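Have a look at target.txt below; it lists compact mmCIF, C-alpha atoms.
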```
# COMPACT_ATOMS: atom_id res chain seq x y z
CA MET E 3 1.26 20.27 2.20
CA MET E 4 2.39 17.27 4.27
CA VAL E 5 2.53 19.28 7.48
CA GLN E 6 -0.86 20.77 6.69
CA TYR E 7 -2.32 17.30 6.22
CA LEU E 8 -0.98 16.15 9.58
CA LYS E 9 -2.22 19.29 11.33
CA ALA E 10 -5.64 18.99 9.70
CA ASN E 11 -5.86 15.53 11.23
CA ARG E 12 -4.77 16.84 14.65
CA TYR E 13 -1.30 15.35 14.68
CA TRP E 14 1.55 17.15 16.41
CA PHE E 15 4.38 17.69 13.98
CA HIS E 16 8.04 17.15 14.89
CA GLU E 17 11.15 17.34 12.75
CA TYR E 18 13.49 15.17 14.74
CA LYS E 19 16.39 14.99 12.30
CA TYR E 20 17.63 17.05 9.39
CA LYS E 21 20.67 16.32 7.26
CA HIS E 22 22.26 18.44 4.61
CA LYS E 23 25.34 17.24 2.80
CA VAL E 24 27.88 19.45 1.04
CA PRO E 25 26.55 19.91 -2.49
CA SER E 26 28.37 18.12 -5.29
CA PRO E 27 28.41 19.44 -8.90
CA LEU E 28 25.24 17.40 -9.47
CA GLY E 29 23.42 19.11 -6.62
CA ALA E 30 22.77 18.91 -2.91
CA GLU E 31 21.62 15.95 -0.84
CA GLN E 32 19.14 16.39 1.97
CA GLU E 33 17.34 14.14 4.40
CA PHE E 34 14.35 15.00 6.55
CA PHE E 35 12.93 12.87 9.32
CA TRP E 36 9.48 13.93 10.48
CA ARG E 37 7.05 12.51 12.97
CA GLY E 38 3.36 13.13 13.47
CA GLU E 39 1.98 12.25 16.87
CA LYS E 40 -1.61 11.98 18.05
CA LYS E 41 -2.92 10.81 21.39
CA VAL E 42 -6.17 8.95 20.81
CA ASN E 43 -6.89 8.33 24.49
CA GLU E 44 -4.89 7.66 27.65
CA TYR E 45 -3.93 4.21 26.42
CA ILE E 46 -3.37 4.53 22.67
CA GLN E 47 -1.27 6.87 20.59
CA TYR E 48 -0.70 7.05 16.82
CA GLN E 49 2.59 7.97 15.23
CA ILE E 50 3.32 8.57 11.56
CA PHE E 51 6.97 8.61 10.55
CA ILE E 52 7.94 10.32 7.32
CA ASP E 53 11.46 9.87 5.98
CA ILE E 54 12.36 11.99 2.96
CA HIS E 55 15.61 11.61 1.08
CA LEU E 56 16.54 13.95 -1.77
CA TRP E 57 19.48 13.57 -4.12
CA GLU E 58 20.92 15.86 -6.79
CA MET E 59 18.80 18.83 -5.77
CA THR E 60 19.01 21.79 -8.08
CA GLU E 61 16.80 24.82 -8.44
CA VAL E 62 15.11 25.32 -11.77
CA GLU E 63 12.94 28.09 -13.14
CA VAL E 64 9.82 27.02 -14.96
CA MET E 65 7.00 28.89 -16.65
CA GLN E 66 3.63 27.89 -15.25
CA LYS E 67 0.51 29.54 -16.68
CA GLY E 68 2.55 32.56 -17.79
CA ASN E 69 4.26 32.99 -14.41
CA LYS E 70 7.90 32.28 -13.59
CA LYS E 71 8.29 29.83 -10.72
CA THR E 72 11.35 28.50 -8.94
CA LEU E 73 11.02 24.79 -8.32
CA THR E 74 13.34 22.00 -7.20
CA ASN E 75 14.57 19.29 -9.52
CA ALA E 76 15.69 16.16 -7.70
CA ARG E 77 15.40 12.45 -7.10
CA MET E 78 13.27 11.84 -4.07
CA GLU E 79 12.35 8.89 -1.88
CA ILE E 80 9.55 9.12 0.66
CA LYS E 81 8.96 6.41 3.24
CA LEU E 82 5.84 6.41 5.38
CA ARG E 83 5.40 4.31 8.48
CA GLY E 84 2.40 4.23 10.77
CA GLN E 85 2.66 3.06 14.36
CA MET E 86 0.12 2.40 17.07
CA ASP E 87 1.56 2.66 20.58
CA ILE E 88 -0.33 0.77 23.25
CA ASP E 89 0.14 2.03 26.81
CA TYR E 90 2.40 4.82 25.60
CA GLU E 91 2.62 6.32 29.09
CA LYS E 92 3.99 2.99 30.38
CA ARG E 93 1.54 2.93 33.25
CA TYR E 94 1.27 -0.84 33.12
CA ASP E 95 5.00 -1.53 32.98
CA GLU E 96 5.66 -0.77 36.62
CA SER E 97 5.21 -4.32 37.88
CA THR E 98 4.95 -7.85 36.50
CA PHE E 99 1.37 -8.09 37.75
CA LEU E 100 0.30 -4.95 35.86
CA GLN E 101 2.09 -6.22 32.77
CA ALA E 102 0.16 -9.49 32.96
CA ILE E 103 -3.12 -7.53 33.24
CA LYS E 104 -2.14 -5.46 30.23
CA ASP E 105 -1.31 -8.56 28.18
CA PHE E 106 -4.58 -10.21 29.13
CA TYR E 107 -6.55 -7.07 28.25
CA ASN E 108 -4.81 -6.66 24.89
CA LYS E 109 -4.99 -10.34 23.95
CA TYR E 110 -8.51 -11.25 25.05
CA ILE E 111 -10.70 -8.26 25.97
CA ALA E 112 -9.72 -5.49 23.58
CA LYS E 113 -8.20 -7.61 20.80
CA ARG E 114 -10.96 -6.98 18.25
CA GLU E 115 -11.19 -3.29 19.06
CA LEU E 116 -7.44 -2.80 18.81
CA GLU E 117 -7.17 -4.70 15.54
CA SER E 118 -10.24 -3.56 13.70
CA ILE E 119 -10.74 0.01 14.92
CA PHE E 120 -7.47 1.49 16.11
CA TRP E 121 -5.08 -0.45 13.88
CA ASP E 122 -7.26 0.12 10.79
CA THR E 123 -7.47 3.84 11.46
CA ILE E 124 -3.71 4.39 11.45
CA HIS E 125 -3.21 2.02 8.50
CA TYR E 126 -5.78 3.78 6.31
CA ARG E 127 -4.67 7.24 7.49
CA CYS E 128 -1.21 6.41 6.11
CA GLN E 129 -2.68 5.10 2.86
CA LYS E 130 -4.73 8.27 2.46
CA PHE E 131 -1.72 10.41 3.25
CA LEU E 132 0.25 8.53 0.61
CA ASN E 133 -2.40 9.35 -1.96
CA VAL E 134 -2.36 13.04 -0.99
CA ILE E 135 1.40 13.05 -1.68
CA LYS E 136 0.93 11.25 -5.01
CA GLU E 137 -1.71 13.73 -6.11
CA TYR E 138 0.54 16.63 -5.18
CA LEU E 139 3.37 15.14 -7.24
CA ASP E 140 0.90 14.39 -10.05
CA MET E 141 2.00 10.78 -10.31
CA GLN E 142 0.49 8.38 -12.81
CA ALA E 143 -0.82 5.92 -10.26
CA LYS E 144 -2.89 8.27 -8.15
CA GLY E 145 -6.41 7.81 -6.89
CA TYR E 146 -7.78 6.23 -3.78
CA GLU E 147 -10.88 4.07 -3.74
CA TYR E 148 -10.83 3.52 0.03
CA ARG E 149 -11.58 7.18 0.75
CA GLY E 150 -14.82 6.43 2.57
CA TYR E 151 -13.09 4.07 5.01
CA LEU E 152 -12.23 6.62 7.66
CA GLY E 153 -15.50 8.50 7.36
CA ASP E 154 -13.89 11.91 6.82
CA ASN E 155 -12.91 14.08 3.89
CA VAL E 156 -9.52 15.32 5.13
CA MET A 26 6.30 -18.37 11.50
CA SER A 27 3.08 -18.95 9.71
CA GLU A 28 3.08 -21.09 6.58
CA LYS A 29 2.92 -19.29 3.26
CA LYS A 30 2.06 -21.29 0.17
CA LEU A 31 2.63 -19.90 -3.29
CA VAL A 32 -0.57 -20.82 -5.10
CA ILE A 33 -0.17 -18.73 -8.24
CA ASP A 34 3.35 -18.14 -9.43
CA GLN A 35 4.05 -15.25 -11.78
CA LEU A 36 0.94 -14.90 -13.86
CA LYS A 37 2.01 -12.36 -16.45
CA LEU A 38 0.37 -9.75 -18.61
CA THR A 39 2.09 -7.51 -21.13
CA TYR A 40 0.65 -4.75 -23.25
CA GLU A 41 1.97 -2.10 -25.57
CA GLY A 42 -0.08 0.74 -26.92
CA ILE A 43 -2.57 3.34 -25.73
CA PHE A 44 -4.08 2.93 -22.28
CA ASP A 45 -5.32 4.96 -19.35
CA MET A 46 -2.79 4.59 -16.52
CA THR A 47 -4.85 6.39 -13.88
CA GLY A 48 -7.93 4.45 -14.97
CA LEU A 49 -6.02 1.19 -14.67
CA TRP A 50 -4.87 2.14 -11.19
CA ARG A 51 -8.42 3.01 -10.14
CA LEU A 52 -9.70 -0.28 -11.55
CA ILE A 53 -7.19 -2.28 -9.48
CA ASP A 54 -7.82 -0.22 -6.34
CA SER A 55 -11.60 -0.43 -6.63
CA TRP A 56 -11.44 -4.17 -7.27
CA PHE A 57 -9.57 -4.71 -4.01
CA TYR A 58 -12.01 -2.46 -2.20
CA GLU A 59 -14.98 -4.32 -3.66
CA LYS A 60 -13.54 -7.72 -2.69
CA GLY A 61 -12.76 -6.65 0.87
CA TYR A 62 -8.99 -6.72 0.67
CA ASP A 63 -6.92 -4.55 2.99
CA ARG A 64 -4.80 -2.16 1.03
CA TRP A 65 -1.02 -2.08 1.08
CA GLU A 66 0.92 -0.15 -1.48
CA HIS A 67 4.42 -1.31 -0.89
CA LYS A 68 6.21 0.69 -3.55
CA ASN A 69 5.33 3.40 -6.04
CA PHE A 70 8.25 4.59 -8.09
CA GLU A 71 8.13 7.09 -10.89
CA GLN A 72 10.94 8.56 -12.94
CA VAL A 73 10.62 11.25 -15.59
CA LEU A 74 12.94 10.55 -18.51
CA PRO A 75 13.28 12.15 -21.95
CA THR A 76 11.72 8.99 -23.46
CA GLY A 77 8.71 9.19 -21.15
CA LYS A 78 7.85 8.21 -17.60
CA ASP A 79 8.98 4.94 -16.03
CA VAL A 80 6.59 3.65 -13.39
CA GLU A 81 7.13 0.76 -10.98
CA ILE A 82 4.45 -0.27 -8.52
CA GLU A 83 4.26 -3.11 -6.03
CA LEU A 84 1.00 -3.87 -4.29
CA LEU A 85 0.56 -6.39 -1.50
CA PRO A 86 -3.10 -6.35 -0.46
CA TRP A 87 -4.37 -9.09 1.84
CA LYS A 88 -7.64 -10.51 3.07
CA LYS A 89 -8.22 -12.51 6.22
CA THR A 90 -10.72 -15.08 4.98
CA THR A 91 -10.91 -16.88 8.33
CA GLU A 92 -9.03 -16.75 11.61
CA TYR A 93 -6.67 -19.32 10.13
CA PHE A 94 -6.32 -18.46 6.43
CA LYS A 95 -5.18 -15.25 4.81
CA ASN A 96 -4.99 -14.46 1.08
CA THR A 97 -2.20 -12.22 -0.13
CA ILE A 98 -1.98 -10.99 -3.69
CA LYS A 99 1.20 -9.48 -4.97
CA ILE A 100 0.97 -7.33 -8.08
CA ARG A 101 4.05 -5.88 -9.68
CA ILE A 102 3.45 -3.28 -12.37
CA LYS A 103 6.14 -1.88 -14.59
CA ALA A 104 5.30 0.71 -17.21
CA VAL A 105 8.04 2.15 -19.40
CA GLU A 106 8.15 5.04 -21.86
CA VAL A 107 4.75 6.30 -20.71
CA LYS A 108 3.80 9.44 -22.59
CA ASP A 109 0.67 11.55 -22.45
CA VAL A 110 -1.35 11.47 -25.64
CA GLU A 111 -4.57 13.12 -26.64
CA ILE A 112 -7.00 11.23 -28.84
CA GLU A 113 -10.43 12.01 -30.19
CA LYS A 114 -13.18 9.45 -29.74
CA LYS A 115 -16.70 10.13 -30.95
CA GLY A 116 -15.97 13.86 -31.00
CA VAL A 117 -14.67 13.89 -27.42
CA LYS A 118 -11.03 14.63 -26.65
CA LEU A 119 -9.50 12.12 -24.23
CA LYS A 120 -6.22 12.37 -22.35
CA LEU A 121 -4.60 8.94 -22.34
CA ASN A 122 -1.17 7.36 -22.10
CA GLN A 123 0.98 5.45 -24.48
CA GLY A 124 3.70 3.03 -23.48
CA LYS A 125 4.70 -0.48 -22.56
CA LEU A 126 3.08 -2.22 -19.64
CA MET A 127 4.18 -5.36 -17.81
CA MET A 128 2.33 -6.91 -14.90
CA VAL A 129 3.16 -9.92 -12.73
CA PHE A 130 0.65 -11.48 -10.33
CA ASP A 131 1.44 -13.84 -7.45
CA GLY A 132 -1.00 -15.39 -5.01
CA TYR A 133 -0.08 -16.63 -1.53
CA LEU A 134 -2.23 -18.54 0.90
CA GLU A 135 -1.03 -18.04 4.44
CA SER A 136 -2.19 -20.43 7.12
CA ASP A 137 -2.06 -19.85 10.87
CA TYR A 138 -1.14 -16.20 10.32
CA GLU A 139 -1.59 -15.41 14.01
CA ASN A 140 0.96 -18.12 14.95
CA LYS A 141 -1.52 -19.71 17.34
CA TRP A 142 -0.37 -23.24 16.53
CA GLU A 143 3.35 -22.74 16.96
CA GLY A 144 3.74 -22.25 20.67
CA LYS A 145 4.72 -25.87 21.26
CA ALA A 146 6.20 -28.60 19.06
CA ILE A 147 3.13 -30.81 19.57
CA PHE A 148 0.84 -28.01 18.30
CA PHE A 149 3.00 -27.61 15.23
CA PHE A 150 2.94 -31.34 14.58
CA LEU A 151 -0.84 -31.50 15.04
CA ARG A 152 -1.34 -28.54 12.72
CA THR A 153 0.71 -30.17 9.96
CA ILE A 154 -1.16 -33.49 10.30
CA PHE A 155 -4.57 -31.82 10.31
CA ASP A 156 -3.71 -29.55 7.40
CA LYS A 157 -2.39 -32.41 5.27
CA TYR A 158 -4.90 -35.14 5.97
CA PHE A 159 -8.04 -34.03 7.79
CA PHE A 160 -8.61 -30.51 6.43
CA ARG A 161 -7.25 -31.13 2.95
CA LYS A 162 -10.59 -30.20 1.35
CA HIS A 163 -10.79 -27.09 3.51
CA THR A 164 -7.34 -25.93 2.38
CA ASP A 165 -8.20 -26.68 -1.25
CA TYR A 166 -11.35 -24.57 -0.94
CA TYR A 167 -9.38 -21.50 0.19
CA GLU A 168 -6.75 -22.10 -2.47
CA LYS A 169 -9.49 -22.12 -5.10
CA TRP A 170 -10.90 -18.91 -3.66
CA LEU A 171 -7.50 -17.24 -4.09
CA VAL A 172 -7.05 -18.60 -7.61
CA ASN A 173 -10.52 -17.37 -8.55
CA ASP A 174 -9.81 -13.90 -7.15
CA LEU A 175 -6.52 -13.66 -8.99
CA TYR A 176 -7.95 -14.73 -12.33
CA ASP A 177 -10.83 -12.33 -11.82
CA ILE A 178 -8.56 -9.27 -11.43
CA HIS A 179 -6.32 -10.55 -14.24
CA GLY A 180 -9.35 -10.91 -16.53
CA ARG A 181 -10.72 -7.50 -15.59
CA ILE A 182 -7.43 -5.84 -16.46
CA GLN A 183 -7.35 -7.74 -19.75
CA ARG A 184 -10.84 -6.50 -20.57
CA PHE A 185 -9.93 -2.97 -19.51
CA LEU A 186 -6.97 -3.00 -21.89
CA ASN A 187 -9.15 -4.60 -24.56
CA ILE A 188 -6.87 -7.64 -24.89
CA TYR A 189 -9.52 -10.20 -24.04
CA ARG A 190 -13.20 -9.40 -24.20
CA TYR A 191 -14.92 -12.34 -22.57
CA GLU A 192 -15.37 -13.21 -18.94
CA LYS A 193 -13.38 -16.21 -17.76
CA HIS A 194 -14.90 -18.77 -15.47
CA ILE A 195 -12.22 -20.62 -13.58
```
Mind converting the file's structure to structure tokens?
Amino acid sequence: MMVQYLKANRYWFHEYKYKHKVPSPLGAEQEFFWRGEKKVNEYIQYQIFIDIHLWEMTEVEVMQKGNKKTLTNARMEIKLRGQMDIDYEKRYDESTFLQAIKDFYNKYIAKRELESIFWDTIHYRCQKFLNVIKEYLDMQAKGYEYRGYLGDNV
Amino acid sequence: MSEKKLVIDQLKLTYEGIFDMTGLWRLIDSWFYEKGYDRWEHKNFEQVLPTGKDVEIELLPWKKTTEYFKNTIKIRIKAVEVKDVEIEKKGVKLKLNQGKLMMVFDGYLESDYENKWEGKAIFFFLRTIFDKYFFRKHTDYYEKWLVNDLYDIHGRIQRFLNIYRYEKHI
């Protein structure tokens, strides 16, 4: 579901770390570190980091609408972090002069655009993603009133 | 570092009985949307226990009122022993929750959030002097704005839970 959401929003998915600890009598412990990456243009790139930590994982069989299903019972922590990378190709880091131009451009020319368009997009994409996860887990505090913010329905 | 002033310290609300948890969440979320606050859900914890669900939420939405002032509202919600119940109201079956609810509200007014007046010691000194003596009324105005916002959401939640029925004018 999470990978599908990232792919639907044209993010490249990477699993850059995976940890599995020797299971104890209470269950296994696993950690996943995922990253979604999207190049907006030649200057800006979005990254969404997803850290998942599971403790005491055990498999349980439940009856759902008359069908037997194998699900996982565990304690889980999900951390989401959105990041906007400016000049991700490091084209303007080659000399001090280019760096000064970059700083001037970011601080004075494109400041509003960077803050109110690009920054907002990644911030609200993460918030929307969070709600998708909450709805999947059927949590009590689900629902998202900012859904119209990004102007899409994904 | 910008200056953060605690304007409202731990305004509390407690409730025990039947309520709609998802409805309450939507009310809070839509209020922030309506008032133009940027959303930040810092923590959302849920644990399923034999006695019911335990829910802990921390929200930290903010609003940049000017280029100098920023309002931040911190809402901590703790709901314990939340169970699903079904009740009948006017012939309609409703799915609601039953449990104990505790909420704590804090309001912060942040000035110079872009750290524009901290580059040099003289700027910092000037900022403090102007804030304290020349723009005192200005600061008070934004403080009142924050207080009003906080009491508004507090009152709306009270009315939603049917604790207090009348609108408060602060």
Chain E contacts on chain A, all atoms listed in the file, 6 Å, as a VMD selection string: chain A and resid 47 50 54 to 55
Write out as a tab-separated table (two decimals) with C-alpha atoms, in the frame of the given file the residues lying within 8 Å of Glu39 in chain E, counting all atoms listed in the file and excluding same-chain residues fewer than 3 positions away.
```tsv
chain	number	residue	atom	x	y	z
E	13	TYR	CA	-1.30	15.35	14.68
E	14	TRP	CA	1.55	17.15	16.41
E	15	PHE	CA	4.38	17.69	13.98
E	47	GLN	CA	-1.27	6.87	20.59
E	48	TYR	CA	-0.70	7.05	16.82
E	49	GLN	CA	2.59	7.97	15.23
E	50	ILE	CA	3.32	8.57	11.56
```
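Between CA of Gly124 in chain A and CA of Arg101 in chain A the separation is 16.4 Å.
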Within 12 Å of Lys19 in chain E using only C-alpha atoms, minus same-chain residues under 5 positions, as number ranges by chain: E: 32-37, 51-55
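Near Glu92 in chain A, within 9 Å and counting all atoms listed in the file, sit Ser136, Asp137, Tyr138 and Glu139 of chain A, not including residues fewer than 6 positions from it in the same chain.
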Selection near range 172-183 of chain A, 12 Å with only C-alpha atoms, sequence-local residues under 6 positions removed, as a ChimeraX atom specification: /A:31-40,44-46,48-62,86-88,96-100,102,126-134,165-166,189-195
For range 111-118 of chain A: contacts at 12 Å, only C-alpha atoms, fewer than 2 positions along chain excluded, given as a ChimeraX atom specification: /A:43-45,108-109,120-123
Build an axis-aligned box that encloses every atom of range 107-112 of chain E listed in the file, pad it by 8 Å on each side, and report its centre and edge lengths in Å to one decimal, as JSON.
```
{"center_x": -7.8, "center_y": -8.4, "center_z": 25.9, "size_x": 21.9, "size_y": 21.8, "size_z": 20.7}
```
Distance of CA of Met65 in chain E from CA of Leu139 in chain E, expressed in Å to one decimal place: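 Separation of CA of Leu139 in chain E and CA of Met65 in chain E: 17.1 Å.
Interatomic distance, CA of Ile135 in chain E to CA of Leu73 in chain E: 16.6 Å.
Restricting the calculation to all atoms listed in the file, the smallest distance between Leu84 in chain A and any of A:Lys103, A:Lys125, A:Ile188, A:Arg64 is found for A:Arg64.
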Pick from E:Thr123, E:Gln6, E:Thr74, E:Asn43 nearest to Glu91 in chain E, counting all atoms listed in the file: E:Asn43
Starting from the sparse input, extend range 82-104 of chain E to N, CA and C atoms and give the output as an mmCIF file, in the coordinates of the input.
```
data_model
loop_
_atom_site.group_PDB
_atom_site.id
_atom_site.type_symbol
_atom_site.label_atom_id
_atom_site.label_comp_id
_atom_site.auth_asym_id
_atom_site.auth_seq_id
_atom_site.Cartn_x
_atom_site.Cartn_y
_atom_site.Cartn_z
ATOM 1 N N LEU E 82 6.855 6.133 4.361
ATOM 2 C CA LEU E 82 5.840 6.410 5.380
ATOM 3 C C LEU E 82 5.699 5.193 6.285
ATOM 4 N N ARG E 83 5.582 5.438 7.559
ATOM 5 C CA ARG E 83 5.400 4.310 8.480
ATOM 6 C C ARG E 83 4.422 4.723 9.570
ATOM 7 N N GLY E 84 3.395 3.938 9.733
ATOM 8 C CA GLY E 84 2.400 4.230 10.770
ATOM 9 C C GLY E 84 2.625 3.330 11.965
ATOM 10 N N GLN E 85 2.413 3.855 13.144
ATOM 11 C CA GLN E 85 2.660 3.060 14.360
ATOM 12 C C GLN E 85 1.562 3.323 15.380
ATOM 13 N N MET E 86 1.115 2.260 16.003
ATOM 14 C CA MET E 86 0.120 2.400 17.070
ATOM 15 C C MET E 86 0.802 2.007 18.384
ATOM 16 N N ASP E 87 0.910 2.942 19.293
ATOM 17 C CA ASP E 87 1.560 2.660 20.580
ATOM 18 C C ASP E 87 0.496 2.343 21.622
ATOM 19 N N ILE E 88 0.600 1.160 22.196
ATOM 20 C CA ILE E 88 -0.330 0.770 23.250
ATOM 21 C C ILE E 88 0.347 1.052 24.588
ATOM 22 N N ASP E 89 -0.382 1.629 25.500
ATOM 23 C CA ASP E 89 0.140 2.030 26.810
ATOM 24 C C ASP E 89 1.402 2.887 26.649
ATOM 25 N N TYR E 90 1.240 3.978 25.912
ATOM 26 C CA TYR E 90 2.400 4.820 25.600
ATOM 27 C C TYR E 90 2.940 5.558 26.841
ATOM 28 N N GLU E 91 2.122 5.667 27.877
ATOM 29 C CA GLU E 91 2.620 6.320 29.090
ATOM 30 C C GLU E 91 3.317 5.330 30.036
ATOM 31 N N LYS E 92 3.350 4.098 29.636
ATOM 32 C CA LYS E 92 3.990 2.990 30.380
ATOM 33 C C LYS E 92 3.455 2.855 31.808
ATOM 34 N N ARG E 93 2.162 3.036 31.933
ATOM 35 C CA ARG E 93 1.540 2.930 33.250
ATOM 36 C C ARG E 93 1.475 1.485 33.733
ATOM 37 N N TYR E 94 1.392 0.573 32.753
ATOM 38 C CA TYR E 94 1.270 -0.840 33.120
ATOM 39 C C TYR E 94 2.596 -1.594 33.045
ATOM 40 N N ASP E 95 3.685 -0.875 33.034
ATOM 41 C CA ASP E 95 5.000 -1.530 32.980
ATOM 42 C C ASP E 95 5.707 -1.483 34.332
ATOM 43 N N GLU E 96 5.006 -0.956 35.323
ATOM 44 C CA GLU E 96 5.660 -0.770 36.620
ATOM 45 C C GLU E 96 5.894 -2.074 37.388
ATOM 46 N N SER E 97 5.006 -3.025 37.222
ATOM 47 C CA SER E 97 5.210 -4.320 37.880
ATOM 48 C C SER E 97 4.809 -5.473 36.966
ATOM 49 N N THR E 98 5.258 -6.675 37.328
ATOM 50 C CA THR E 98 4.950 -7.850 36.500
ATOM 51 C C THR E 98 3.453 -8.127 36.503
ATOM 52 N N PHE E 99 2.803 -7.857 37.637
ATOM 53 C CA PHE E 99 1.370 -8.090 37.750
ATOM 54 C C PHE E 99 0.596 -7.179 36.779
ATOM 55 N N LEU E 100 0.964 -5.900 36.772
ATOM 56 C CA LEU E 100 0.300 -4.950 35.860
ATOM 57 C C LEU E 100 0.552 -5.316 34.394
ATOM 58 N N GLN E 101 1.756 -5.808 34.146
ATOM 59 C CA GLN E 101 2.090 -6.220 32.770
ATOM 60 C C GLN E 101 1.231 -7.399 32.331
ATOM 61 N N ALA E 102 0.996 -8.324 33.255
ATOM 62 C CA ALA E 102 0.160 -9.490 32.960
ATOM 63 C C ALA E 102 -1.281 -9.045 32.687
ATOM 64 N N ILE E 103 -1.756 -8.056 33.466
ATOM 65 C CA ILE E 103 -3.120 -7.530 33.240
ATOM 66 C C ILE E 103 -3.203 -6.889 31.863
ATOM 67 N N LYS E 104 -2.173 -6.128 31.531
ATOM 68 C CA LYS E 104 -2.140 -5.460 30.230
ATOM 69 C C LYS E 104 -2.177 -6.480 29.086
#
```
